[in-house]
Amino acid sequence: MLAFSRKLNAQQGEPNQSQQVQSSGSQQGQQQPAIATLPEVRTTVVVVGSPDPLTEEESARSTVTLPVKDVTPLIYGDVTELIRNDASVDLEQRGGGGTQTDVTIRGGSFEQTLVLLDGFRINDAETSHFNLDLPVPMETLGSVNVLHGAGSTLYGSDAVSGVVDFETAVPVAGPLLRLRAGGGSFGSTEQAALASWGGKRFSEIAAGGREFSDGFMADRDYRSEEVSSETRFKSPLGESDVLLAGSDRRFGANNFYGEYPSWERTKGWFAGINQQINENTQAVLAYRRHTDDFVLLRDDPAYYENHHIDTSWQGAVRRTDKLPWAGAAVFYGLEENADQINSSSLGQHGRNREAGYVDLEVRGWKRGTLSAGLRQEFFDGGPAETMPTVAGTFWVQKKVKLRSSVARGFRQPTYTDKYYSDPVDIPNPNLKPESSWSFDGGVDWYANAKLTLTATVFHSIQTNAIDYVRANANDPWQPENLDGLHFTGVETGLDWRPIVGQEIRLGLTTLAGAQSALNGLQSEYVFNYPVQNASAEWIGRWKNGLLLRQRLRVVNRIDRGVSPIWDASAVYEGHRVQPYVQLTNLSNTGYQEIVGVQMPGRAFTGGVQIVLRGRKRD
């Protein structure tokens with residue numbers, strides 16, 4: 001969980017922009033790209049599911065690491081498209097440009113997924129619809145790390161079905177400037193800029209981006225803007241990492257929350273610091289402010305309008321101590337979180353929670369690894385919650401690893417769950433917190449340096465699961481606690497690198513849930529999960545700088561049939577001028593990820609990125 005060790009160790013795995021070796025002088029932007037051999041999957045550094053980074057071959061949890069490189073924004077467009085490569089993740093999106101996207105893992109609701117930014121909590125106490133409202137531009141990210149299954153022992157409340165951790169990148173040595181501009185279907189335009197300097201004692205990354213669109217249908221326009229600054233420096237106090245970021249998003253919300261031509265605007269402010277006190281101790285502190293303006297009828301704001309201001313503080317002190325026997329260490333810490341809301345419809349509320357955790361890791365055993373952790377979390381006005389985890393690996397032979405884990409997750413209801421009302425929703429202030437037990441077992445086969453296969457069987461048992469339900473279509477939606485909700489599934493994956501520069505990734509997750517938990521009621525969210533979610537992606541790189549990507553996603557949702565989505569992109573990378581084109585939904589499939597919210601059809605975006613690198617100085 002130590003932020004500095006996470007980032008330093010992460011550089012030893014998948015190559016991100018902090019690892020690229022640059023020659024000096026103005027010729028850097030024009031040299032031909034070298035097609036490096038990708039590192040083995042087993043050496044990829046995992047930064048979720050464990051209190052300290054470890055390699056994939058040591059990890060006992062089911063995780064996915066998605067590296068973000070310089071050209072990632074050129075081939076995926078936004079971070080949500082990158083996450084779709086994980087077949088155990090289901091994104092429930094309401095339009096183009098990543099507009100108000102909910103993220104779910106292994107069938108859990110979007111409220112049961114914890115989102116982190118450099119280890120800081122981004123989950124919104126007002127409503128989990130804003131959990132992916134990241135304040136930083138995509139250009140600043142170095143990797144996206146996904147944990148499948150409960151993670152509350154290390155991460156606290158909300159990590160019921162999984163965790164998504166966005167890690168910002170460490171800058172390259174010397175000065176760098178990247179400028180991007182493009183446009184495409186539905187009147188869309190995009191611009192982004194990143195300037196960085198990497199030195200031994202000081203580094204800085206400043207970035208900004210914005211995306212506009214007229215919308216693919218009436219009242220589905222959007223305008224999104226983000227800006228951030230991350231400064232790293234060494235002082236007598238130790239290494240420091242200061243992140244400042246802000247975002248402003250406006251979008252037409254046609255049918256987002258019922259059959260209304262709505263409109264919404266969110267703003268976010270974030271400030272966080274990681275301070276290394278000594279080799280074993282770290283302190284972190286962050287502040288987040290998020291506002292939400294919602295208009296039910298866009299052309300008649302006076303009919304119904306809400307304004308919400310959500311603020312939160314989070315702080316922690318974390319420590320690591322090595323134990324006498326080789327490969328063993330104990331991780332422990334204390335955390336404090338406080339959030340408050342001032343809302344025209346929800347009222348004024350606040351809550352505090354304190355937590356302490358301890359985790360034992362044993363990695364020196366040649367036949368495998370073992371970890372065991374326990375967290376005690378205390379809530380104002382509520383009982384304490386205990387969240388344990390046990391996980392381990394066992395090598396049955398040199399290339400085959402067995403792994404298993406048991407973990408408990410926990411979540412407090414959001415303020416919207418308890419207090420929100422409008423013409424189609426009524427609140428439930430008596431909601432109980434929800435919890436789950438997650439069980440999984442899997443096998444990883446590292447056939448050789450080019451081929452890896454994984455398979456996992458998982459099962460979760462949820463208690464007091466929260467969903468919006470109603471008896472019939474004439475009734476309003478109301479959140480209720482449901483019992484008897486179980487999910488069972490299988491996730492499989494393949495990573496094959498047949499020749500240098502070529503990579504094929506396949507993933508399939510199948511899932512079954514206990515429909516009887518509804519007792520005849522209609523569900524708004526919980527049973528929106530896909531029973532099958534498959535992804536097949538091919539990426540090819542050539543020495544002349546051409547990069548081609550193809551991906552086919554096939555999603556089968558309950559009672560809505562199969563939706564095949566074909567995306568493609570092309571980039572001319574490794575040069576000072578990098579043209580790109582992104583083609584989405586080439587199959588022109590009509591589909592909905594949220595019931596009643598139509599998604600865009602076939603679309604394209606094209607543009608150019610300019611990369612300027614200066615001379616490296618010591």
# chains A, B, ... in the order shown; residues from 1 in each chain; ligands from 1

call {"tool": "closest_atom_pairs", "arguments": {"of": "segment 142-209 of chain A", "to": "segment 223-244 of chain A", "cutoff": "8 Å", "atoms": "only C-alpha atoms", "output": "tab-separated table"}}
result
residue	atom	partner	partner_atom	distance
A:Arg201	CA	A:Lys234	CA	5.4
A:Phe202	CA	A:Phe233	CA	4.4
A:Ser203	CA	A:Arg232	CA	5.2
A:Glu204	CA	A:Thr231	CA	4.6
A:Ile205	CA	A:Glu230	CA	5.3
A:Ala206	CA	A:Ser229	CA	4.4
A:Ala207	CA	A:Ser228	CA	5.4
A:Gly208	CA	A:Val227	CA	4.1
A:Gly209	CA	A:Glu226	CA	5.4

call {"tool": "select_by_dssp", "arguments": {"residues": "segment 102-177 of chain A", "states": "helix (DSSP H, G or I)", "output": "list of chain:residue names"}}
result
A:Phe110, A:Glu111, A:Gln112, A:Ser128, A:His129, A:Phe130, A:Met138, A:Glu139, A:Thr140, A:Ser152, A:Thr153, A:Leu154, A:Tyr155

call {"tool": "closest_residue", "arguments": {"among": "A:Ser587, A:Gln582, A:Gln100, A:Gln502", "to": "Glu264 of chain A", "atoms": "only C-alpha atoms"}}
result
A:Gln100

call {"tool": "closest_residue", "arguments": {"among": "A:Ser59, A:Thr80, A:Gln462, A:Thr584", "to": "Gly601 of chain A", "atoms": "only C-alpha atoms"}}
result
A:Thr584

call {"tool": "closest_atom_pairs", "arguments": {"of": "segment 387-416 of chain A", "to": "segment 351-360 of chain A", "cutoff": "10 Å", "atoms": "only C-alpha atoms", "output": "CSV"}}
result
residue,atom,partner,partner_atom,distance
A:Met387,CA,A:Tyr357,CA,9.1
A:Pro388,CA,A:Asp359,CA,9.5
A:Thr389,CA,A:Asp359,CA,8.8
A:Val390,CA,A:Asp359,CA,9.6

call {"tool": "write_last_selection", "arguments": {"atoms": "all heavy atoms", "output": "compact mmCIF listing (two decimals), in the first residue's frame"}}
result
# COMPACT_ATOMS: atom_id res chain seq x y z
N MET A 387 -13.39 -7.15 8.76
CA MET A 387 -13.23 -7.60 7.38
C MET A 387 -11.93 -8.37 7.22
O MET A 387 -10.86 -7.78 7.14
CB MET A 387 -13.27 -6.39 6.42
CG MET A 387 -14.65 -5.77 6.32
SD MET A 387 -14.65 -4.06 5.72
CE MET A 387 -14.35 -3.15 7.23
N PRO A 388 -11.99 -9.71 7.20
CA PRO A 388 -10.80 -10.54 7.05
C PRO A 388 -10.55 -10.95 5.60
O PRO A 388 -11.45 -10.92 4.76
CB PRO A 388 -11.13 -11.77 7.91
CG PRO A 388 -12.63 -11.89 7.77
CD PRO A 388 -13.17 -10.49 7.59
N THR A 389 -9.32 -11.37 5.33
CA THR A 389 -8.93 -11.92 4.03
C THR A 389 -7.86 -12.99 4.25
O THR A 389 -6.95 -12.79 5.06
CB THR A 389 -8.36 -10.85 3.09
OG1 THR A 389 -9.35 -9.88 2.79
CG2 THR A 389 -7.87 -11.46 1.78
N VAL A 390 -7.97 -14.09 3.54
CA VAL A 390 -6.92 -15.11 3.50
C VAL A 390 -6.73 -15.52 2.05
O VAL A 390 -7.72 -15.75 1.33
CB VAL A 390 -7.30 -16.35 4.35
CG1 VAL A 390 -6.20 -17.41 4.24
CG2 VAL A 390 -7.52 -15.98 5.81

call {"tool": "residues_around", "arguments": {"residues": "Gly252 of chain A", "least_positions_apart": "3", "cutoff": "12 Å", "atoms": "only C-alpha atoms", "output": "MDAnalysis selection string"}}
result
chainID A and resid 94:96 99:100 212:224 249 255:257 260:266 293:299

call {"tool": "residues_around", "arguments": {"residues": "Gly315 of chain A", "least_positions_apart": "4", "cutoff": "7 Å", "atoms": "only C-alpha atoms", "output": "ChimeraX atom specification"}}
result
/A:284-286,335-337

call {"tool": "write_last_selection", "arguments": {"atoms": "N, CA, C and O atoms", "output": "tab-separated table (two decimals), in the first residue's frame"}}
result
chain	number	residue	atom	x	y	z
A	284	VAL	N	-0.36	9.78	4.28
A	284	VAL	CA	-1.08	10.29	3.13
A	284	VAL	C	-2.25	11.14	3.61
A	284	VAL	O	-2.84	10.89	4.67
A	285	LEU	N	-2.59	12.16	2.83
A	285	LEU	CA	-3.71	13.04	3.15
A	285	LEU	C	-4.32	13.53	1.85
A	285	LEU	O	-3.60	13.88	0.91
A	286	ALA	N	-5.66	13.57	1.77
A	286	ALA	CA	-6.32	14.03	0.55
A	286	ALA	C	-7.63	14.72	0.89
A	286	ALA	O	-8.28	14.42	1.90
A	335	GLU	N	-6.35	4.61	9.59
A	335	GLU	CA	-6.96	5.47	8.59
A	335	GLU	C	-8.13	6.24	9.19
A	335	GLU	O	-8.77	5.78	10.14
A	336	GLU	N	-8.37	7.41	8.61
A	336	GLU	CA	-9.50	8.25	9.03
A	336	GLU	C	-10.16	8.81	7.78
A	336	GLU	O	-9.48	9.31	6.86
A	337	ASN	N	-11.50	8.71	7.69
A	337	ASN	CA	-12.25	9.26	6.58
A	337	ASN	C	-13.44	10.04	7.11
A	337	ASN	O	-14.10	9.60	8.06

call {"tool": "residues_around", "arguments": {"residues": "Gly333 of chain A", "least_positions_apart": "5", "cutoff": "12 Å", "atoms": "only C-alpha atoms", "output": "ChimeraX atom specification"}}
result
/A:1-2,51,153-155,280-284,315-321,354-359,373-377
